[in-house]
Amino acid sequence: MKEFKIVKEPIEIQHVIDQVVDPNCGAISTFIGTVREMTKEKKTLYLEYDAYVPMAEKELKRIGDEIKEKWPDSKVAITHRIGRLEITDVAVVIAVSTPHRAAAFEASRYAIERIKEIVPIWKKEHWENGEMWIGDQLEQHSYRDGKPKMEDEND
Amino acid sequence: MIKVLLFATLQEKVGASELSLEENAIKISDLKNRLIEEYDVQEFSNCLVAINEEYAGDNDIAESGDTIAFIPPVSGG
């Protein structure tokens, strides 16, 4: 089983966790990203995710490598789902194991923030009165500085 | 031939997921300008670019056999 992958089917959360189990770890932290219905006053009906799959899997692995460098003796697995997702569906699962708990919490937070910066995955919001690929609002998500930057932490 | 991949908003605005260039080599910034003009899609200027699945810069040059991907601001997670 691949530790870093993009899938079209519902994510088996336990399978992601199983990949980071290690006799030397004392903590496994998981992050589960789900589809939210209300964003401020706007009601989402469903989301559609697209990805540049081979590159997205490479960039997920890059995040795993960064984590292993920052938090030695850690193990990382990340699965992101694409296609149509309904409200409450799981879009991404991150599992990190480390010898001690503090690093596991920090590293899983790091992973989700990096996903929002560098991994070529896009979501399209479908509302009652329209639809839009998120990230195409030029002013809010500009790449004019030549590299991806952190999205709003509340996304 | 150089293959160009389009995603998300770019794919919809251009109306294709893939383009083919006959050039033997092209600089990324030149290609961006050409596509903005040809398709009247300003979003090309706001994209990152990957050559063969690795992020590349505006001054990089793609050659025949390469795959260029235009990466609009990402929104995974």
# chains A, B, ... in the order shown; residues from 1 in each chain; ligands from 1
$ interface_residues --of "chain A" --to "chain B" --cutoff "6 Å" --atoms "only C-alpha atoms" --output "ChimeraX atom specification"
/A:55,92,116,120-123,133,135,143
$ write_last_selection --atoms "C-alpha atoms" --output "CSV table (one decimal), in the first residue's frame"
chain,number,residue,atom,x,y,z
A,55,MET,CA,2.5,15.3,-9.2
A,92,VAL,CA,-8.1,14.1,3.5
A,116,LYS,CA,-2.8,23.8,1.2
A,120,PRO,CA,-1.8,20.4,-6.9
A,121,ILE,CA,-5.4,19.6,-5.8
A,122,TRP,CA,-8.3,22.0,-6.4
A,123,LYS,CA,-11.8,22.1,-5.0
A,133,TRP,CA,-13.1,26.7,-8.4
A,135,GLY,CA,-8.3,29.6,-5.5
A,143,TYR,CA,0.9,33.5,-6.9
$ residues_around --residues "Asp30 in chain B" --least-positions-apart "3" --cutoff "10 Å" --atoms "only C-alpha atoms" --output "list in words"
Ile26, Lys27, Asn33, Arg34, Leu35, Asp58, Asn59 and Ile61 of chain B
$ select_by_dssp --residues "range 32-67 of chain B" --states "strand (DSSP E)" --output "PyMOL selection string"
chain B and resi 48-51+54-56+61-63+67
$ residues_around --residues "Arg109 in chain A" --least-positions-apart "5" --cutoff "12 Å" --atoms "only C-alpha atoms" --output "list in words"
Ser29, Thr30, Phe31, Ile32, Gly33, Ile63, Ile67, Val93, Ile94, Ala95, Val96, Ala102, Ala103, Ala104, Arg114, Ile115, Lys116 and Glu153 of chain A; Gly77 of chain B
$ residues_around --residues "range 9-18 of chain A" --least-positions-apart "2" --cutoff "12 Å" --atoms "only C-alpha atoms" --output "short mmCIF file (atom, residue, chain, number, x, y, z; two decimals) with N, CA, C and O atoms, in the first residue's frame"
data_model
loop_
_atom_site.label_atom_id
_atom_site.label_comp_id
_atom_site.auth_asym_id
_atom_site.auth_seq_id
_atom_site.Cartn_x
_atom_site.Cartn_y
_atom_site.Cartn_z
N MET A 1 0.84 -1.21 0.00
CA MET A 1 0.00 0.00 0.00
C MET A 1 0.87 1.26 0.00
O MET A 1 1.87 1.33 0.70
N LYS A 2 0.44 2.25 -0.80
CA LYS A 2 1.22 3.49 -0.88
C LYS A 2 0.92 4.41 0.30
O LYS A 2 -0.23 4.57 0.69
N GLU A 3 1.98 5.03 0.81
CA GLU A 3 1.78 5.94 1.95
C GLU A 3 1.22 7.30 1.53
O GLU A 3 0.66 8.02 2.35
N PHE A 4 1.42 7.66 0.26
CA PHE A 4 0.99 9.00 -0.18
C PHE A 4 0.18 8.82 -1.45
O PHE A 4 0.74 8.48 -2.50
N LYS A 5 -1.12 9.01 -1.34
CA LYS A 5 -1.90 8.73 -2.55
C LYS A 5 -3.18 9.57 -2.65
O LYS A 5 -3.71 10.08 -1.67
N ILE A 6 -3.62 9.64 -3.90
CA ILE A 6 -4.87 10.29 -4.27
C ILE A 6 -5.84 9.18 -4.66
O ILE A 6 -5.48 8.31 -5.45
N VAL A 7 -7.05 9.21 -4.09
CA VAL A 7 -8.02 8.16 -4.39
C VAL A 7 -9.36 8.77 -4.82
O VAL A 7 -9.65 9.93 -4.52
N VAL A 20 1.46 3.87 9.65
CA VAL A 20 2.46 4.59 10.46
C VAL A 20 2.71 3.90 11.81
O VAL A 20 3.48 4.38 12.63
N VAL A 21 2.03 2.77 12.02
CA VAL A 21 2.25 2.03 13.28
C VAL A 21 3.71 1.58 13.35
O VAL A 21 4.25 1.10 12.35
N ASP A 22 4.32 1.78 14.49
CA ASP A 22 5.74 1.45 14.64
C ASP A 22 6.03 1.11 16.10
O ASP A 22 5.52 1.78 17.00
N ALA A 27 3.09 7.74 19.97
CA ALA A 27 1.94 8.59 19.65
C ALA A 27 1.63 8.49 18.17
O ALA A 27 2.54 8.47 17.34
N ILE A 28 0.35 8.43 17.84
CA ILE A 28 -0.09 8.60 16.45
C ILE A 28 -1.13 9.71 16.45
O ILE A 28 -2.12 9.63 17.16
N SER A 29 -0.85 10.74 15.65
CA SER A 29 -1.80 11.83 15.51
C SER A 29 -2.46 11.72 14.15
O SER A 29 -1.80 11.47 13.15
N THR A 30 -3.80 11.89 14.10
CA THR A 30 -4.48 11.87 12.81
C THR A 30 -5.17 13.22 12.60
O THR A 30 -5.68 13.82 13.55
N PHE A 31 -5.17 13.66 11.36
CA PHE A 31 -5.97 14.82 10.98
C PHE A 31 -6.94 14.34 9.91
O PHE A 31 -6.54 13.70 8.93
N ILE A 32 -8.21 14.66 10.08
CA ILE A 32 -9.24 14.28 9.11
C ILE A 32 -9.93 15.54 8.63
O ILE A 32 -10.56 16.25 9.43
N GLY A 33 -9.78 15.84 7.36
CA GLY A 33 -10.43 17.02 6.79
C GLY A 33 -11.76 16.61 6.19
O GLY A 33 -11.83 15.67 5.39
N THR A 34 -12.84 17.32 6.55
CA THR A 34 -14.17 16.95 6.08
C THR A 34 -14.85 18.11 5.34
O THR A 34 -14.43 19.26 5.46
N LYS A 75 6.88 8.72 11.22
CA LYS A 75 6.34 8.05 10.02
C LYS A 75 5.10 8.81 9.61
O LYS A 75 4.32 9.25 10.46
N VAL A 76 4.90 8.93 8.29
CA VAL A 76 3.79 9.75 7.78
C VAL A 76 3.04 8.99 6.69
O VAL A 76 3.67 8.33 5.85
N ALA A 77 1.73 9.10 6.68
CA ALA A 77 0.91 8.61 5.57
C ALA A 77 -0.20 9.63 5.32
O ALA A 77 -0.78 10.18 6.26
N ILE A 78 -0.44 9.92 4.05
CA ILE A 78 -1.48 10.90 3.69
C ILE A 78 -2.28 10.35 2.50
O ILE A 78 -1.70 9.93 1.50
N THR A 79 -3.60 10.38 2.63
CA THR A 79 -4.47 10.04 1.50
C THR A 79 -5.45 11.19 1.29
O THR A 79 -6.07 11.68 2.25
N HIS A 80 -5.57 11.64 0.05
CA HIS A 80 -6.53 12.70 -0.29
C HIS A 80 -7.50 12.15 -1.32
O HIS A 80 -7.11 11.48 -2.26
N ARG A 81 -8.78 12.42 -1.12
CA ARG A 81 -9.80 11.94 -2.05
C ARG A 81 -10.13 13.03 -3.07
O ARG A 81 -10.12 14.21 -2.74
N ILE A 82 -10.45 12.61 -4.30
CA ILE A 82 -10.92 13.56 -5.32
C ILE A 82 -12.26 13.07 -5.88
O ILE A 82 -12.72 11.98 -5.56
N GLY A 83 -12.86 13.90 -6.74
CA GLY A 83 -14.18 13.59 -7.28
C GLY A 83 -15.23 14.37 -6.51
O GLY A 83 -14.93 15.36 -5.86
N ARG A 84 -16.49 13.91 -6.60
CA ARG A 84 -17.58 14.61 -5.91
C ARG A 84 -17.68 14.15 -4.46
O ARG A 84 -17.77 12.95 -4.19
N LEU A 85 -17.65 15.12 -3.53
CA LEU A 85 -17.78 14.81 -2.11
C LEU A 85 -18.97 15.55 -1.52
O LEU A 85 -19.16 16.74 -1.79
N GLU A 86 -19.74 14.84 -0.72
CA GLU A 86 -20.92 15.43 -0.08
C GLU A 86 -20.53 16.02 1.28
O GLU A 86 -19.45 15.74 1.81
N THR A 88 -19.93 16.50 4.98
CA THR A 88 -19.38 15.58 6.02
C THR A 88 -18.47 14.49 5.47
O THR A 88 -17.84 13.78 6.24
N ASP A 89 -18.37 14.34 4.16
CA ASP A 89 -17.44 13.34 3.61
C ASP A 89 -16.00 13.69 3.99
O ASP A 89 -15.65 14.86 4.14
N VAL A 90 -15.17 12.67 4.08
CA VAL A 90 -13.76 12.87 4.41
C VAL A 90 -12.96 13.15 3.14
O VAL A 90 -12.95 12.33 2.22
N ALA A 91 -12.30 14.30 3.12
CA ALA A 91 -11.52 14.68 1.94
C ALA A 91 -10.05 14.29 2.08
O ALA A 91 -9.40 13.96 1.10
N VAL A 92 -9.53 14.37 3.30
CA VAL A 92 -8.10 14.06 3.49
C VAL A 92 -7.89 13.44 4.86
O VAL A 92 -8.56 13.81 5.83
N VAL A 93 -7.00 12.45 4.89
CA VAL A 93 -6.59 11.84 6.17
C VAL A 93 -5.07 11.86 6.24
O VAL A 93 -4.38 11.43 5.31
N ILE A 94 -4.57 12.40 7.35
CA ILE A 94 -3.13 12.45 7.61
C ILE A 94 -2.88 11.65 8.88
O ILE A 94 -3.59 11.83 9.88
N ALA A 95 -1.91 10.78 8.86
CA ALA A 95 -1.50 10.08 10.09
C ALA A 95 0.00 10.26 10.27
O ALA A 95 0.77 10.11 9.31
N VAL A 96 0.40 10.63 11.47
CA VAL A 96 1.82 10.79 11.79
C VAL A 96 2.11 10.05 13.09
O VAL A 96 1.39 10.24 14.08
N SER A 97 3.14 9.21 13.08
CA SER A 97 3.56 8.60 14.34
C SER A 97 4.95 9.11 14.69
O SER A 97 5.78 9.36 13.82
#
$ select_by_dssp --residues "chain B" --states "helix (DSSP H, G or I)" --output "ChimeraX atom specification"
/B:8-14,28-39,42-46
$ closest_residue --among "A:Glu125, A:Ser74, A:Ile118, A:Met132" --to "Tyr52 in chain A" --atoms "only C-alpha atoms"
A:Ile118
$ atom_distance --atom1 "CA of Glu59 in chain A" --atom2 "CA of Pro23 in chain A"
27.2 Å
$ closest_residue --among "B:Val41, B:Ile2, B:Val14, B:Ala62" --to "Ser29 in chain B" --atoms "only C-alpha atoms"
B:Ala62
$ closest_residue --among "B:Leu21, B:Ile51, B:Met1, B:Gln11" --to "Ile68 in chain B" --atoms "only C-alpha atoms"
B:Ile51
$ atom_distance --atom1 "CA of Asn24 in chain A" --atom2 "CA of Thr98 in chain A"
7.8 Å
